[in-house]
Each structure stands twice: as structure tokens, then as C-alpha cells.
Amino acid sequence: MSNARTSLTRRDFLGAVGATALMGAAAMAAPEPKSDRMVRMGIVGGNFGAQFQWHLDPNCTVEAVSDLRTDRREHLQHVYKCEKPYESLEKLVLDPRVEAVALFTGAPDHAQHVLECFKHGKSVISAVPACLTLEDAHAMKEAKERTGLTYMMAETSYYRWPTILARQLWKERRFGRFLYSEVEYYHNRIGALQDGLSMDQGKRTWRYGYPPMLYPTHSTCFHVGVTGERLTDVSCLAWGDDDPALKDNAYQNPFCNQVALFKTSGGNICRCNVFWRVNSDGERAQWLGEKMSMYMAGVSGQPQVIREFGKKDVREVPDYFPLLPEPMRIATGHGNSHGFLTHEFLMSLVENRAPAVDLYEALAMTAPGIVAMASSRKGGEQMKVPSFDKA
Ligand SMILES: NC(=O)c1ccc[n+]([C@@H]2O[C@H](COP(=O)([O-])OP(=O)(O)OC[C@H]3O[C@@H](n4cnc5c(N)ncnc54)[C@H](O)[C@@H]3O)[C@@H](O)[C@H]2O)c1
């Protein structure tokens with residue numbers, strides 16, 4: 001977690017950043033459960049999918065779990081204290097007691113698995129990315145609008161605490177007229193032949209040779225999820241090495257590092273990196289505005305800093321845990337975002353409203369990467385990103 005603490009007092013912080021930016025965090029009382037409705041979840045995918053807080057939310061009960069692998073199914077049962085395992089998602093969705101599914105299967109399966117859930121009347125929170133092709137994006141949008149079911153993408157960058165703060169500052173129009181964002185996700189060696197996540201017992205997993213820009217959302221979310229802008233045009237340069245995984249893979253992908261330059265619907269600019277061969281790691285952004293800039297902490301030692309014209313630098317990020325019900329305030333990976341994703345999806349169902357990262361936002365974070373990949377295949381040609389917004 002990158003919420004660097006300094007000797008700044010709370011009053012200094014409020015004065016420098018503004019009371020509103022802190023609202024909803026330390027200033028807020030713990031939320032009481034708004035309803036006694038219990039959402040009955042089915043959890044699918046027992047690796048990353050076991051890292052959420054469904055069993056701790058006052059408005060949720062874990063009805064069933066599933067993984068194709070027995071060990072992972074048992075792990076899910078243990079974590080979520082659930083006595084009903086299914087051998088597959090396809091069997092779990094037949095259970096009429098399951099209302100909604102948390103889908104944490106491999107990326108290439110998301111679109112098909114979301115459609116399978118919708119077909120059986122289940123709402124879905126899905127791991128990133130939303131999908132891998134524009135055709136699947138269209139199909140998901142069509143099915144979501146036809147069924148009226150809820151979709152949310154579990155994008156961890158959305159609820160990193162500096163992102164929550166940047167979103168608030170954007171809402172207050174503090175950055176000024178111009179914003180340039182640098183957004184990035186670095187995961188050294190993933191996708192390569194020698195990577196433990198890409199080979200499992202001698203067999204290739206979905207990560208083997210996986211294209212960086214088909215995993216864009218940890219990065220694009222830092223722009224789209226803060227500003228609500230759309231990434232409309234892209235030119236993407238790419239680099240690949242001689243790893244065997246880039247010579248022969250399921251995606252015909254020769255790239256391991258990609259740099260996309262996006263135009264945005266608000267006339268702004270976003271530089272977006274996804275690198276699999278780099279001596280760095282993590283998800284990070286900096287937002288450089290006409291009047292205010294914000295730098296997230298980074299592995300290089302860069303501290304979290306907000307720099308605003310005429311004011312003292314601010315290096316603090318509020319504690320946002322008070323936004324969650326008490327039992328869910330536990331540290332998690334990805335900047336403590338997991339509890340926030342869990343709770344937001346459940347509240348969207350309880351309150352019968354769209355979740356923060358609904359399908360429109362999810363596709364606005366995913367489709368630009370799909371087009372960036374196409375641009376890289378054409379040597380960086382500038383291309384238009386289609387809109388998947390509500391007509
Ligand atoms: N920060 C983040 O947001 C973040 C971090 C890690 C992973 N992820 C995403 O989460 C997803 C899962 O990642 P992972 O590392 O756990 O992947 P994984 O490949 O290790 O696990 C996926 C699991 O899904 C199961 N599965 C596949 N098809 C199934 C079916 N039809 N029915 C039941 N189970 C099925 C597999 O058996 C496997 O155990 C991926 O999409 C990944 O991109 C996101």
C-alpha cells in the first residue's frame with residue numbers, strides 16, 4: 001500500500017488538499033448495513049478468486065463455489081466456509097439459489113463465461129479484462145442490455161487508495177483544463193517460457209505468450225476510472241524478444257512490452273504502458289494537470305505527492321477503510337482494493353443500481369487495449385477506438 005505517511009498534521013492536510021477530498025474517508029462514520037437482504041453468491045475460480053471478502057460482508061452469503069480442480073475447489077470451500085461445491089461453472093449456474101457469480105477464471109474465458117451466467121439469469125462480477133475481442137465486447141453489451149442483469153469488472157486499480165483520491169480531486173476540477181496521465185502495469189517475465197504462472201506441470205496456461213495490451217485495464221483504469229473520459233484514438237508501439245513463448249502461442253503474439261498513446265474524449269492525453277520484460281513491477285500512475293499534479297508512490301522511491309499551484313505539497317493519502325463495513329476492513333493485495341470491489345458489487349445488487357465499474361466502464365477500459373494491440377500489429381498506425389457506451 002502506497003499511502004505514505006509524513007509529519008503533516010490532519011489540519012495541514014485538510015487545508016492543503018481540501019476538506020472535500022477527505023470526505024467519505026476518515027470523516028465518515030462506519031456504514032450500517034442498509035438492508036437485511038443477503039445476496040447469495042457463487043464463487044468460481046479458486047486461485048485469485050479466493051482473495052475476496054464475500055463471507056465477511058453483512059449483505060452476503062456464499063451459496064456455492066466451483067473450480068475445475070479439486071484442490072482449488074476445496075480451498076474455496078475452506079476460505080468461504082461453504083458446503084456446496086460444483087465441478088464447474090456450467091454446473092453452478094444451474095443452481096437456482098445462486099443469484100450472482102464472482103467469476104475468476106482465466107482471461108480468455110471471461111466473455112464466454114459471463115454470457116453463460118447471463119443465460120442462466122445470474123449477475124456477474126468478473127476478473128479483468130472484460131474480454132479479448134471487439135466481437136465479444138459487442139456480444140456482452142447486447143446480452144447485458146437484453147437481460148438487464150448486473151455486470152461489474154473487478155478492476156483493482158479502481159479502488160487503490162490514491163486512485164480514489166485522484167477521482168475525488170478530478171470531480172472537484174482541481175487538475176485544471178489539461179490533464180496528461182502516465183499509467184502503467186509492469187510484471188517482469190510473466191508470459192515467458194520459464195514463468196511459473198505460464199507453465200503448469202509441463203502444460204501451457206492461458207498466460208503463455210499473452211499479449212500485454214490484451215491486459216490493459218490495470219493501466220487504463222487510472223485514466224478512465226478517474227476522469228470518466230473515453231480513450232478514443234490510439235497509436236501503440238511494441239517490442240518483443242526471442243523468448244520461445246513469443247514465437248508460438250495461442251494469440252500469435254510477438255510482443256512483451258507495449259506503449260500506447262491515447263487521445264481522450266476530453267481532449268486530454270494518456271500514455272499507457274504494459275510491460276512483461278522490465279526490471280520494475282506494479283501498477284502506478286501520475287496525473288499531470290494544468291493546476292495540480294499527483295504522483296503515486298513507486299518502486300523507485302518516488303513518494304506519493306500532490307503538487308498544487310501556490311500550495312504546500314501533500315504527501316498523504318486518506319484512510320478509506322471507514323467506507324467499508326467493519327469486518328471487511330482488512331489489508332489485501334493490490335492496494336487494499338479487494339474489500340471495496342466486493343462491497344461495491346453487493347451494494348449495487350442490494351440498492352438495485354449500476355456498480356461503479358459497470359459494463360460500459362469496463363469496456364471503456366478494455367476495448368482501447370484491444371485496438372492498441374491491432375495498432376502494434378500495424379507498426380503503430382493510429383486507430384479509432386469504437387464506443388461501447390449506452391446508445
Ligand atoms: N489485480 C487483479 O485484478 C488480478 C490479479 C490476479 C489475477 N487476476 C485475474 O483473475 C483471473 C484469475 O486469475 P488466476 O491467477 O487465479 O488464474 P488461474 O488460471 O490460476 O485460475 C483460474 C481458475 O479458474 C478455473 N476454471 C476455469 N474454467 C472453469 C470452469 N468452467 N468452471 C470452474 N472453474 C474454472 C481453473 O480451474 C483455475 O483454477 C484472471 O482473469 C486474471 O486475469 C486479476
# chains A, B, ... in the order shown; residues from 1 in each chain; ligands from 1
call {"tool": "select_by_dssp", "arguments": {"residues": "region 46-93 of chain A", "states": "alpha helix (DSSP H)", "output": "list of chain:residue names"}}
result
A:Thr70, A:Asp71, A:Arg72, A:Arg73, A:Glu74, A:His75, A:Leu76, A:Gln77, A:His78, A:Val79, A:Tyr80, A:Leu89, A:Glu90, A:Lys91, A:Leu92
call {"tool": "select_by_dssp", "arguments": {"residues": "region 66-251 of chain A", "states": "strand (DSSP E)", "output": "PyMOL selection string"}}
result
chain A and resi 66+85-86+100-103+123-126+151-153+179-187+199-200+203-204+231-239
call {"tool": "residues_near_ligand", "arguments": {"ligand": "ligand 1", "cutoff": "8 Å", "atoms": "only C-alpha atoms and all ligand atoms", "output": "compact mmCIF listing (two decimals) with N, CA, C and O atoms, in the first residue's frame"}}
result
# COMPACT_ATOMS: atom_id res chain seq x y z
N VAL A 44 -16.43 -18.64 -8.45
CA VAL A 44 -15.81 -19.56 -9.43
C VAL A 44 -14.36 -19.14 -9.70
O VAL A 44 -14.10 -17.99 -10.05
N GLY A 45 -13.45 -20.10 -9.53
CA GLY A 45 -12.03 -19.82 -9.74
C GLY A 45 -11.32 -19.72 -8.41
O GLY A 45 -11.41 -18.70 -7.72
N GLY A 46 -10.62 -20.78 -8.03
CA GLY A 46 -10.09 -20.90 -6.66
C GLY A 46 -8.65 -20.48 -6.48
O GLY A 46 -8.01 -20.89 -5.50
N ASN A 47 -8.15 -19.63 -7.38
CA ASN A 47 -6.82 -19.08 -7.15
C ASN A 47 -6.98 -17.61 -6.72
O ASN A 47 -7.25 -17.33 -5.55
N PHE A 48 -6.91 -16.66 -7.66
CA PHE A 48 -7.15 -15.26 -7.30
C PHE A 48 -8.56 -15.10 -6.71
O PHE A 48 -8.79 -14.25 -5.84
N GLY A 49 -9.49 -15.91 -7.17
CA GLY A 49 -10.89 -15.81 -6.71
C GLY A 49 -11.09 -16.11 -5.24
O GLY A 49 -12.17 -15.88 -4.69
N SER A 66 -16.93 -23.10 -7.05
CA SER A 66 -16.54 -24.04 -8.10
C SER A 66 -15.14 -23.78 -8.62
O SER A 66 -14.69 -22.63 -8.71
N ASP A 67 -14.46 -24.86 -8.93
CA ASP A 67 -13.24 -24.82 -9.73
C ASP A 67 -13.14 -26.17 -10.42
O ASP A 67 -13.61 -27.18 -9.88
N LEU A 68 -12.51 -26.20 -11.58
CA LEU A 68 -12.33 -27.48 -12.27
C LEU A 68 -11.40 -28.38 -11.47
O LEU A 68 -11.49 -29.60 -11.54
N ARG A 69 -10.49 -27.76 -10.70
CA ARG A 69 -9.50 -28.51 -9.92
C ARG A 69 -10.02 -28.76 -8.50
O ARG A 69 -10.45 -27.83 -7.82
N ARG A 72 -8.40 -26.65 -5.66
CA ARG A 72 -8.84 -25.26 -5.61
C ARG A 72 -10.30 -25.13 -5.16
O ARG A 72 -10.68 -24.17 -4.50
N TYR A 86 -19.30 -27.19 -6.70
CA TYR A 86 -19.67 -27.70 -8.02
C TYR A 86 -18.40 -27.94 -8.82
O TYR A 86 -17.42 -27.22 -8.67
N GLU A 87 -18.48 -28.92 -9.73
CA GLU A 87 -17.30 -29.29 -10.52
C GLU A 87 -16.96 -28.28 -11.60
O GLU A 87 -15.87 -28.28 -12.14
N SER A 88 -17.94 -27.42 -11.95
CA SER A 88 -17.67 -26.42 -13.00
C SER A 88 -18.65 -25.27 -12.87
O SER A 88 -19.72 -25.40 -12.27
N LEU A 89 -18.28 -24.17 -13.48
CA LEU A 89 -19.17 -23.01 -13.59
C LEU A 89 -20.48 -23.43 -14.25
O LEU A 89 -21.58 -23.03 -13.82
N GLU A 90 -20.35 -24.26 -15.29
CA GLU A 90 -21.52 -24.67 -16.07
C GLU A 90 -22.54 -25.40 -15.19
O GLU A 90 -23.75 -25.30 -15.42
N LEU A 103 -16.65 -14.31 -10.90
CA LEU A 103 -16.01 -15.11 -11.95
C LEU A 103 -14.52 -14.82 -11.99
O LEU A 103 -14.11 -13.73 -12.44
N PHE A 104 -13.72 -15.78 -11.54
CA PHE A 104 -12.27 -15.58 -11.52
C PHE A 104 -11.58 -16.72 -12.27
O PHE A 104 -10.66 -17.36 -11.78
N THR A 105 -12.06 -16.93 -13.51
CA THR A 105 -11.44 -17.91 -14.41
C THR A 105 -10.40 -17.17 -15.27
O THR A 105 -10.24 -15.95 -15.15
N GLY A 106 -9.71 -17.88 -16.13
CA GLY A 106 -8.66 -17.26 -16.95
C GLY A 106 -9.22 -16.22 -17.92
O GLY A 106 -10.37 -16.32 -18.37
N ALA A 107 -8.39 -15.25 -18.27
CA ALA A 107 -8.84 -14.11 -19.08
C ALA A 107 -9.52 -14.51 -20.41
O ALA A 107 -10.56 -13.95 -20.75
N PRO A 108 -8.98 -15.48 -21.16
CA PRO A 108 -9.62 -15.79 -22.45
C PRO A 108 -11.03 -16.36 -22.31
O PRO A 108 -11.78 -16.40 -23.29
N ASP A 109 -11.41 -16.80 -21.11
CA ASP A 109 -12.74 -17.39 -20.90
C ASP A 109 -13.79 -16.40 -20.39
O ASP A 109 -14.97 -16.74 -20.28
N HIS A 110 -13.36 -15.18 -20.04
CA HIS A 110 -14.30 -14.28 -19.36
C HIS A 110 -15.58 -14.03 -20.16
O HIS A 110 -16.69 -14.13 -19.63
N HIS A 113 -17.83 -17.05 -20.33
CA HIS A 113 -18.36 -17.39 -19.01
C HIS A 113 -19.38 -16.36 -18.51
O HIS A 113 -20.36 -16.71 -17.86
N SER A 126 -16.75 -9.96 -12.71
CA SER A 126 -15.73 -10.74 -13.42
C SER A 126 -14.35 -10.15 -13.20
O SER A 126 -14.18 -8.93 -13.13
N ALA A 127 -13.36 -11.03 -13.14
CA ALA A 127 -11.97 -10.59 -13.13
C ALA A 127 -11.66 -9.87 -14.44
O ALA A 127 -12.37 -10.04 -15.44
N VAL A 128 -10.59 -9.09 -14.43
CA VAL A 128 -10.15 -8.37 -15.63
C VAL A 128 -9.40 -9.32 -16.56
O VAL A 128 -8.84 -10.31 -16.10
N PRO A 129 -9.37 -8.95 -17.88
CA PRO A 129 -10.11 -7.91 -18.56
C PRO A 129 -11.53 -8.37 -18.87
O PRO A 129 -11.84 -9.55 -18.70
N ALA A 154 -13.92 -6.45 -11.84
CA ALA A 154 -13.18 -6.35 -10.57
C ALA A 154 -11.80 -5.73 -10.82
O ALA A 154 -10.77 -6.37 -10.60
N GLU A 155 -11.79 -4.49 -11.28
CA GLU A 155 -10.51 -3.83 -11.58
C GLU A 155 -9.92 -3.25 -10.29
O GLU A 155 -10.42 -2.26 -9.76
N THR A 156 -8.83 -3.86 -9.85
CA THR A 156 -8.24 -3.47 -8.57
C THR A 156 -7.70 -2.03 -8.59
O THR A 156 -7.73 -1.35 -7.57
N SER A 157 -7.22 -1.56 -9.76
CA SER A 157 -6.68 -0.19 -9.80
C SER A 157 -7.75 0.85 -9.44
O SER A 157 -7.43 1.93 -8.97
N LEU A 197 3.82 -19.04 -13.77
CA LEU A 197 2.38 -18.88 -13.97
C LEU A 197 1.95 -19.27 -15.40
O LEU A 197 0.77 -19.46 -15.66
N THR A 205 -0.36 -22.52 -19.74
CA THR A 205 -1.60 -21.92 -19.22
C THR A 205 -2.00 -20.79 -20.16
O THR A 205 -1.27 -20.45 -21.10
N TRP A 206 -3.11 -20.15 -19.88
CA TRP A 206 -3.59 -19.05 -20.73
C TRP A 206 -2.61 -17.88 -20.73
O TRP A 206 -2.65 -17.04 -21.62
N ARG A 207 -1.71 -17.83 -19.76
CA ARG A 207 -0.78 -16.71 -19.69
C ARG A 207 0.42 -16.85 -20.64
O ARG A 207 1.15 -15.90 -20.86
N TYR A 215 -4.24 -7.01 -21.75
CA TYR A 215 -4.38 -6.91 -20.28
C TYR A 215 -4.19 -5.44 -19.89
O TYR A 215 -3.31 -5.10 -19.10
N HIS A 218 -5.52 -2.59 -15.78
CA HIS A 218 -4.85 -2.05 -14.57
C HIS A 218 -4.30 -0.66 -14.88
O HIS A 218 -4.25 0.19 -14.00
N GLY A 333 -4.03 -7.48 -1.04
CA GLY A 333 -3.14 -7.12 -2.14
C GLY A 333 -3.75 -6.00 -2.96
O GLY A 333 -4.86 -5.55 -2.67
N HIS A 334 -2.99 -5.54 -3.95
CA HIS A 334 -3.48 -4.52 -4.87
C HIS A 334 -4.03 -3.30 -4.14
O HIS A 334 -5.16 -2.86 -4.37
call {"tool": "closest_residue", "arguments": {"among": "A:Ala137, A:Ile269, A:Met38, A:Val357", "to": "Tyr159 (chain A)", "atoms": "only C-alpha atoms"}}
result
A:Val357
call {"tool": "residues_around", "arguments": {"residues": "region 338-347 of chain A", "least_positions_apart": "3", "cutoff": "7 Å", "atoms": "only C-alpha atoms", "output": "ChimeraX atom specification"}}
result
/A:39,52-54,57,125,152,154,156,159,324,328,332,350-351,355
call {"tool": "write_last_selection", "arguments": {"atoms": "C-alpha atoms", "output": "mmCIF file, in the first residue's frame"}}
result
data_model
loop_
_atom_site.group_PDB
_atom_site.id
_atom_site.type_symbol
_atom_site.label_atom_id
_atom_site.label_comp_id
_atom_site.auth_asym_id
_atom_site.auth_seq_id
_atom_site.Cartn_x
_atom_site.Cartn_y
_atom_site.Cartn_z
ATOM 1 C CA VAL A 39 -27.092 -11.778 -1.764
ATOM 2 C CA PHE A 52 -12.104 -11.573 -1.709
ATOM 3 C CA GLN A 53 -14.307 -10.905 1.316
ATOM 4 C CA TRP A 54 -17.709 -12.333 0.359
ATOM 5 C CA ASP A 57 -19.904 -8.738 4.081
ATOM 6 C CA ILE A 125 -18.581 -9.671 -11.151
ATOM 7 C CA MET A 152 -19.092 -5.390 -12.779
ATOM 8 C CA ALA A 154 -13.179 -6.348 -10.570
ATOM 9 C CA THR A 156 -8.238 -3.466 -8.568
ATOM 10 C CA TYR A 159 -10.029 1.126 -5.610
ATOM 11 C CA LEU A 324 -16.373 -0.404 4.382
ATOM 12 C CA MET A 328 -14.211 -6.037 5.766
ATOM 13 C CA THR A 332 -5.374 -7.027 0.895
ATOM 14 C CA VAL A 350 -28.886 -4.528 -2.776
ATOM 15 C CA GLU A 351 -29.557 -0.957 -3.933
ATOM 16 C CA PRO A 355 -21.958 -0.705 -9.943
#
call {"tool": "closest_residue", "arguments": {"among": "A:Ala111, A:Leu323, A:Val317, A:Val385", "to": "Trp161 (chain A)", "atoms": "only C-alpha atoms"}}
result
A:Val317
call {"tool": "residues_around", "arguments": {"residues": "Pro211 (chain A)", "least_positions_apart": "5", "cutoff": "7 Å", "atoms": "only C-alpha atoms", "output": "MDAnalysis selection string"}}
result
chainID A and resid 253 255:256
call {"tool": "write_last_selection", "arguments": {"atoms": "all heavy atoms", "output": "PDB file, in the first residue's frame"}}
result
ATOM      1  N   ASN A 253       1.078 -13.828 -30.812  1.00  0.00           N
ATOM      2  CA  ASN A 253       1.582 -12.573 -30.253  1.00  0.00           C
ATOM      3  C   ASN A 253       3.110 -12.552 -30.189  1.00  0.00           C
ATOM      4  O   ASN A 253       3.705 -13.372 -29.505  1.00  0.00           O
ATOM      5  CB  ASN A 253       1.044 -12.392 -28.818  1.00  0.00           C
ATOM      6  CG  ASN A 253       1.763 -11.259 -28.119  1.00  0.00           C
ATOM      7  OD1 ASN A 253       1.956 -10.191 -28.696  1.00  0.00           O
ATOM      8  ND2 ASN A 253       2.183 -11.493 -26.887  1.00  0.00           N
ATOM      9  N   PHE A 255       4.787  -9.819 -28.999  1.00  0.00           N
ATOM     10  CA  PHE A 255       5.191  -8.673 -28.161  1.00  0.00           C
ATOM     11  C   PHE A 255       5.178  -9.001 -26.665  1.00  0.00           C
ATOM     12  O   PHE A 255       4.291  -9.702 -26.177  1.00  0.00           O
ATOM     13  CB  PHE A 255       4.235  -7.492 -28.360  1.00  0.00           C
ATOM     14  CG  PHE A 255       4.017  -7.109 -29.792  1.00  0.00           C
ATOM     15  CD1 PHE A 255       2.722  -6.982 -30.294  1.00  0.00           C
ATOM     16  CD2 PHE A 255       5.083  -6.869 -30.643  1.00  0.00           C
ATOM     17  CE1 PHE A 255       2.509  -6.630 -31.614  1.00  0.00           C
ATOM     18  CE2 PHE A 255       4.882  -6.512 -31.963  1.00  0.00           C
ATOM     19  CZ  PHE A 255       3.586  -6.394 -32.460  1.00  0.00           C
ATOM     20  N   CYS A 256       6.138  -8.403 -25.933  1.00  0.00           N
ATOM     21  CA  CYS A 256       6.072  -8.486 -24.469  1.00  0.00           C
ATOM     22  C   CYS A 256       6.040  -7.107 -23.814  1.00  0.00           C
ATOM     23  O   CYS A 256       5.735  -7.011 -22.624  1.00  0.00           O
ATOM     24  CB  CYS A 256       7.215  -9.330 -23.903  1.00  0.00           C
ATOM     25  SG  CYS A 256       8.822  -8.892 -24.549  1.00  0.00           S
TER      26      CYS A 256
END
call {"tool": "closest_residue", "arguments": {"among": "A:Phe178, A:Tyr320, A:Tyr158, A:Tyr151", "to": "Trp287 (chain A)", "atoms": "only C-alpha atoms"}}
result
A:Phe178
call {"tool": "closest_residue", "arguments": {"among": "A:Leu193, A:Ala374, A:Val299, A:Met292", "to": "Lys311 (chain A)", "atoms": "only C-alpha atoms"}}
result
A:Met292
call {"tool": "residues_around", "arguments": {"residues": "region 232-246 of chain A", "least_positions_apart": "2", "cutoff": "8 Å", "atoms": "only C-alpha atoms", "output": "PyMOL selection string"}}
result
chain A and resi 191-193+208-209+230+248-249+252-265+368+371-373+375-376+379-387
call {"tool": "atom_distance", "arguments": {"atom1": "CA of Gln77 (chain A)", "atom2": "CA of Val93 (chain A)"}}
result
17.0 Å
call {"tool": "residues_around", "arguments": {"residues": "Gly148 (chain A)", "least_positions_apart": "6", "cutoff": "10 Å", "atoms": "only C-alpha atoms", "output": "list in words"}}
result
Phe118, Gly121, Ser123 and Glu142 of chain A
call {"tool": "write_last_selection", "arguments": {"atoms": "all heavy atoms", "output": "mmCIF file, in the first residue's frame"}}
result
data_model
loop_
_atom_site.group_PDB
_atom_site.id
_atom_site.type_symbol
_atom_site.label_atom_id
_atom_site.label_comp_id
_atom_site.auth_asym_id
_atom_site.auth_seq_id
_atom_site.Cartn_x
_atom_site.Cartn_y
_atom_site.Cartn_z
ATOM 1 N N PHE A 118 -25.184 -14.924 -17.672
ATOM 2 C CA PHE A 118 -26.369 -14.147 -18.086
ATOM 3 C C PHE A 118 -27.469 -15.088 -18.592
ATOM 4 O O PHE A 118 -28.640 -14.907 -18.297
ATOM 5 C CB PHE A 118 -26.009 -13.161 -19.198
ATOM 6 C CG PHE A 118 -25.281 -11.912 -18.733
ATOM 7 C CD1 PHE A 118 -24.682 -11.061 -19.659
ATOM 8 C CD2 PHE A 118 -25.209 -11.565 -17.390
ATOM 9 C CE1 PHE A 118 -24.034 -9.904 -19.262
ATOM 10 C CE2 PHE A 118 -24.555 -10.412 -16.974
ATOM 11 C CZ PHE A 118 -23.964 -9.579 -17.921
ATOM 12 N N GLY A 121 -29.542 -16.225 -15.949
ATOM 13 C CA GLY A 121 -30.152 -15.201 -15.102
ATOM 14 C C GLY A 121 -29.306 -14.744 -13.935
ATOM 15 O O GLY A 121 -29.844 -14.211 -12.959
ATOM 16 N N SER A 123 -26.346 -12.371 -12.272
ATOM 17 C CA SER A 123 -25.478 -11.208 -12.396
ATOM 18 C C SER A 123 -24.039 -11.655 -12.163
ATOM 19 O O SER A 123 -23.805 -12.712 -11.566
ATOM 20 C CB SER A 123 -25.890 -10.141 -11.388
ATOM 21 O OG SER A 123 -27.125 -9.567 -11.790
ATOM 22 N N GLU A 142 -24.701 -6.534 -25.786
ATOM 23 C CA GLU A 142 -26.042 -6.926 -26.246
ATOM 24 C C GLU A 142 -26.743 -7.765 -25.171
ATOM 25 O O GLU A 142 -27.900 -7.524 -24.835
ATOM 26 C CB GLU A 142 -25.896 -7.706 -27.569
ATOM 27 C CG GLU A 142 -27.202 -8.062 -28.254
ATOM 28 C CD GLU A 142 -27.896 -9.285 -27.644
ATOM 29 O OE1 GLU A 142 -27.206 -10.233 -27.203
ATOM 30 O OE2 GLU A 142 -29.141 -9.265 -27.585
#
call {"tool": "residues_around", "arguments": {"residues": "Val278 (chain A)", "least_positions_apart": "2", "cutoff": "10 Å", "atoms": "only C-alpha atoms", "output": "ChimeraX atom specification"}}
result
/A:186-189,256-257,274-276,280-281
call {"tool": "write_last_selection", "arguments": {"atoms": "all heavy atoms", "output": "compact mmCIF listing (two decimals), in the first residue's frame"}}
result
# COMPACT_ATOMS: atom_id res chain seq x y z
N TYR A 186 3.55 -3.17 -14.76
CA TYR A 186 4.78 -3.90 -15.05
C TYR A 186 4.77 -5.23 -14.29
O TYR A 186 4.56 -5.24 -13.07
CB TYR A 186 6.01 -3.09 -14.63
CG TYR A 186 6.12 -1.73 -15.30
CD1 TYR A 186 6.58 -0.61 -14.61
CD2 TYR A 186 5.77 -1.57 -16.64
CE1 TYR A 186 6.69 0.62 -15.22
CE2 TYR A 186 5.87 -0.34 -17.26
CZ TYR A 186 6.33 0.75 -16.56
OH TYR A 186 6.43 1.97 -17.17
N HIS A 187 5.00 -6.32 -15.01
CA HIS A 187 5.04 -7.65 -14.36
C HIS A 187 6.14 -8.44 -15.06
O HIS A 187 5.91 -9.07 -16.10
CB HIS A 187 3.69 -8.35 -14.50
CG HIS A 187 3.53 -9.53 -13.60
ND1 HIS A 187 2.35 -9.84 -12.96
CD2 HIS A 187 4.41 -10.49 -13.23
CE1 HIS A 187 2.52 -10.93 -12.24
NE2 HIS A 187 3.75 -11.35 -12.39
N ASN A 188 7.33 -8.36 -14.49
CA ASN A 188 8.51 -8.89 -15.17
C ASN A 188 8.43 -10.39 -15.39
O ASN A 188 8.12 -11.14 -14.47
CB ASN A 188 9.77 -8.54 -14.36
CG ASN A 188 11.02 -8.57 -15.22
OD1 ASN A 188 10.93 -8.68 -16.45
ND2 ASN A 188 12.18 -8.49 -14.60
N ARG A 189 8.70 -10.83 -16.62
CA ARG A 189 8.83 -12.23 -17.05
C ARG A 189 7.50 -12.97 -17.21
O ARG A 189 7.49 -14.12 -17.64
CB ARG A 189 9.73 -13.06 -16.09
CG ARG A 189 11.14 -12.55 -15.92
CD ARG A 189 11.95 -12.48 -17.19
NE ARG A 189 12.01 -13.72 -17.95
CZ ARG A 189 12.42 -13.80 -19.23
NH1 ARG A 189 12.78 -12.71 -19.87
NH2 ARG A 189 12.44 -14.96 -19.85
N CYS A 256 6.14 -8.40 -25.93
CA CYS A 256 6.07 -8.49 -24.47
C CYS A 256 6.04 -7.11 -23.81
O CYS A 256 5.74 -7.01 -22.62
CB CYS A 256 7.21 -9.33 -23.90
SG CYS A 256 8.82 -8.89 -24.55
N ASN A 257 6.33 -6.05 -24.55
CA ASN A 257 6.24 -4.69 -23.98
C ASN A 257 5.49 -3.81 -24.97
O ASN A 257 5.81 -3.79 -26.16
CB ASN A 257 7.64 -4.09 -23.77
CG ASN A 257 8.43 -4.80 -22.68
OD1 ASN A 257 7.88 -5.57 -21.89
ND2 ASN A 257 9.72 -4.55 -22.65
N VAL A 274 2.16 -1.33 -20.80
CA VAL A 274 2.05 -2.65 -20.17
C VAL A 274 3.30 -3.42 -20.60
O VAL A 274 3.51 -3.64 -21.80
CB VAL A 274 0.77 -3.41 -20.60
CG1 VAL A 274 0.65 -4.72 -19.81
CG2 VAL A 274 -0.48 -2.55 -20.38
N PHE A 275 4.14 -3.79 -19.63
CA PHE A 275 5.43 -4.43 -19.92
C PHE A 275 5.54 -5.77 -19.19
O PHE A 275 5.30 -5.83 -17.98
CB PHE A 275 6.60 -3.56 -19.41
CG PHE A 275 6.84 -2.26 -20.15
CD1 PHE A 275 7.82 -1.38 -19.70
CD2 PHE A 275 6.12 -1.91 -21.29
CE1 PHE A 275 8.06 -0.18 -20.36
CE2 PHE A 275 6.35 -0.70 -21.95
CZ PHE A 275 7.34 0.16 -21.48
N TRP A 276 5.98 -6.79 -19.92
CA TRP A 276 6.26 -8.09 -19.31
C TRP A 276 7.78 -8.36 -19.21
O TRP A 276 8.18 -9.40 -18.75
CB TRP A 276 5.67 -9.23 -20.10
CG TRP A 276 4.18 -9.34 -20.35
CD1 TRP A 276 3.62 -10.06 -21.37
CD2 TRP A 276 3.07 -8.82 -19.61
NE1 TRP A 276 2.25 -9.99 -21.31
CE2 TRP A 276 1.88 -9.24 -20.24
CE3 TRP A 276 2.96 -8.01 -18.46
CZ2 TRP A 276 0.60 -8.90 -19.78
CZ3 TRP A 276 1.69 -7.65 -18.01
CH2 TRP A 276 0.55 -8.10 -18.67
N SER A 280 11.15 -3.83 -13.16
CA SER A 280 10.29 -2.96 -12.36
C SER A 280 9.05 -3.79 -12.06
O SER A 280 8.91 -4.90 -12.57
CB SER A 280 9.94 -1.71 -13.16
OG SER A 280 9.30 -0.76 -12.33
N ASP A 281 8.16 -3.26 -11.25
CA ASP A 281 6.91 -4.00 -11.07
C ASP A 281 5.81 -3.12 -10.52
O ASP A 281 6.06 -2.04 -9.98
CB ASP A 281 7.11 -5.22 -10.16
CG ASP A 281 7.55 -4.85 -8.78
OD1 ASP A 281 6.68 -4.51 -7.96
OD2 ASP A 281 8.77 -4.84 -8.53
call {"tool": "atom_distance", "arguments": {"atom1": "CA of Trp170 (chain A)", "atom2": "CA of Thr220 (chain A)"}}
result
15.9 Å
call {"tool": "atom_distance", "arguments": {"atom1": "CA of Asp136 (chain A)", "atom2": "CA of Val124 (chain A)"}}
result
15.8 Å
call {"tool": "closest_residue", "arguments": {"among": "A:Glu172, A:Asp313, A:Glu63, A:Asp389", "to": "Pro85 (chain A)", "atoms": "only C-alpha atoms"}}
result
A:Glu63
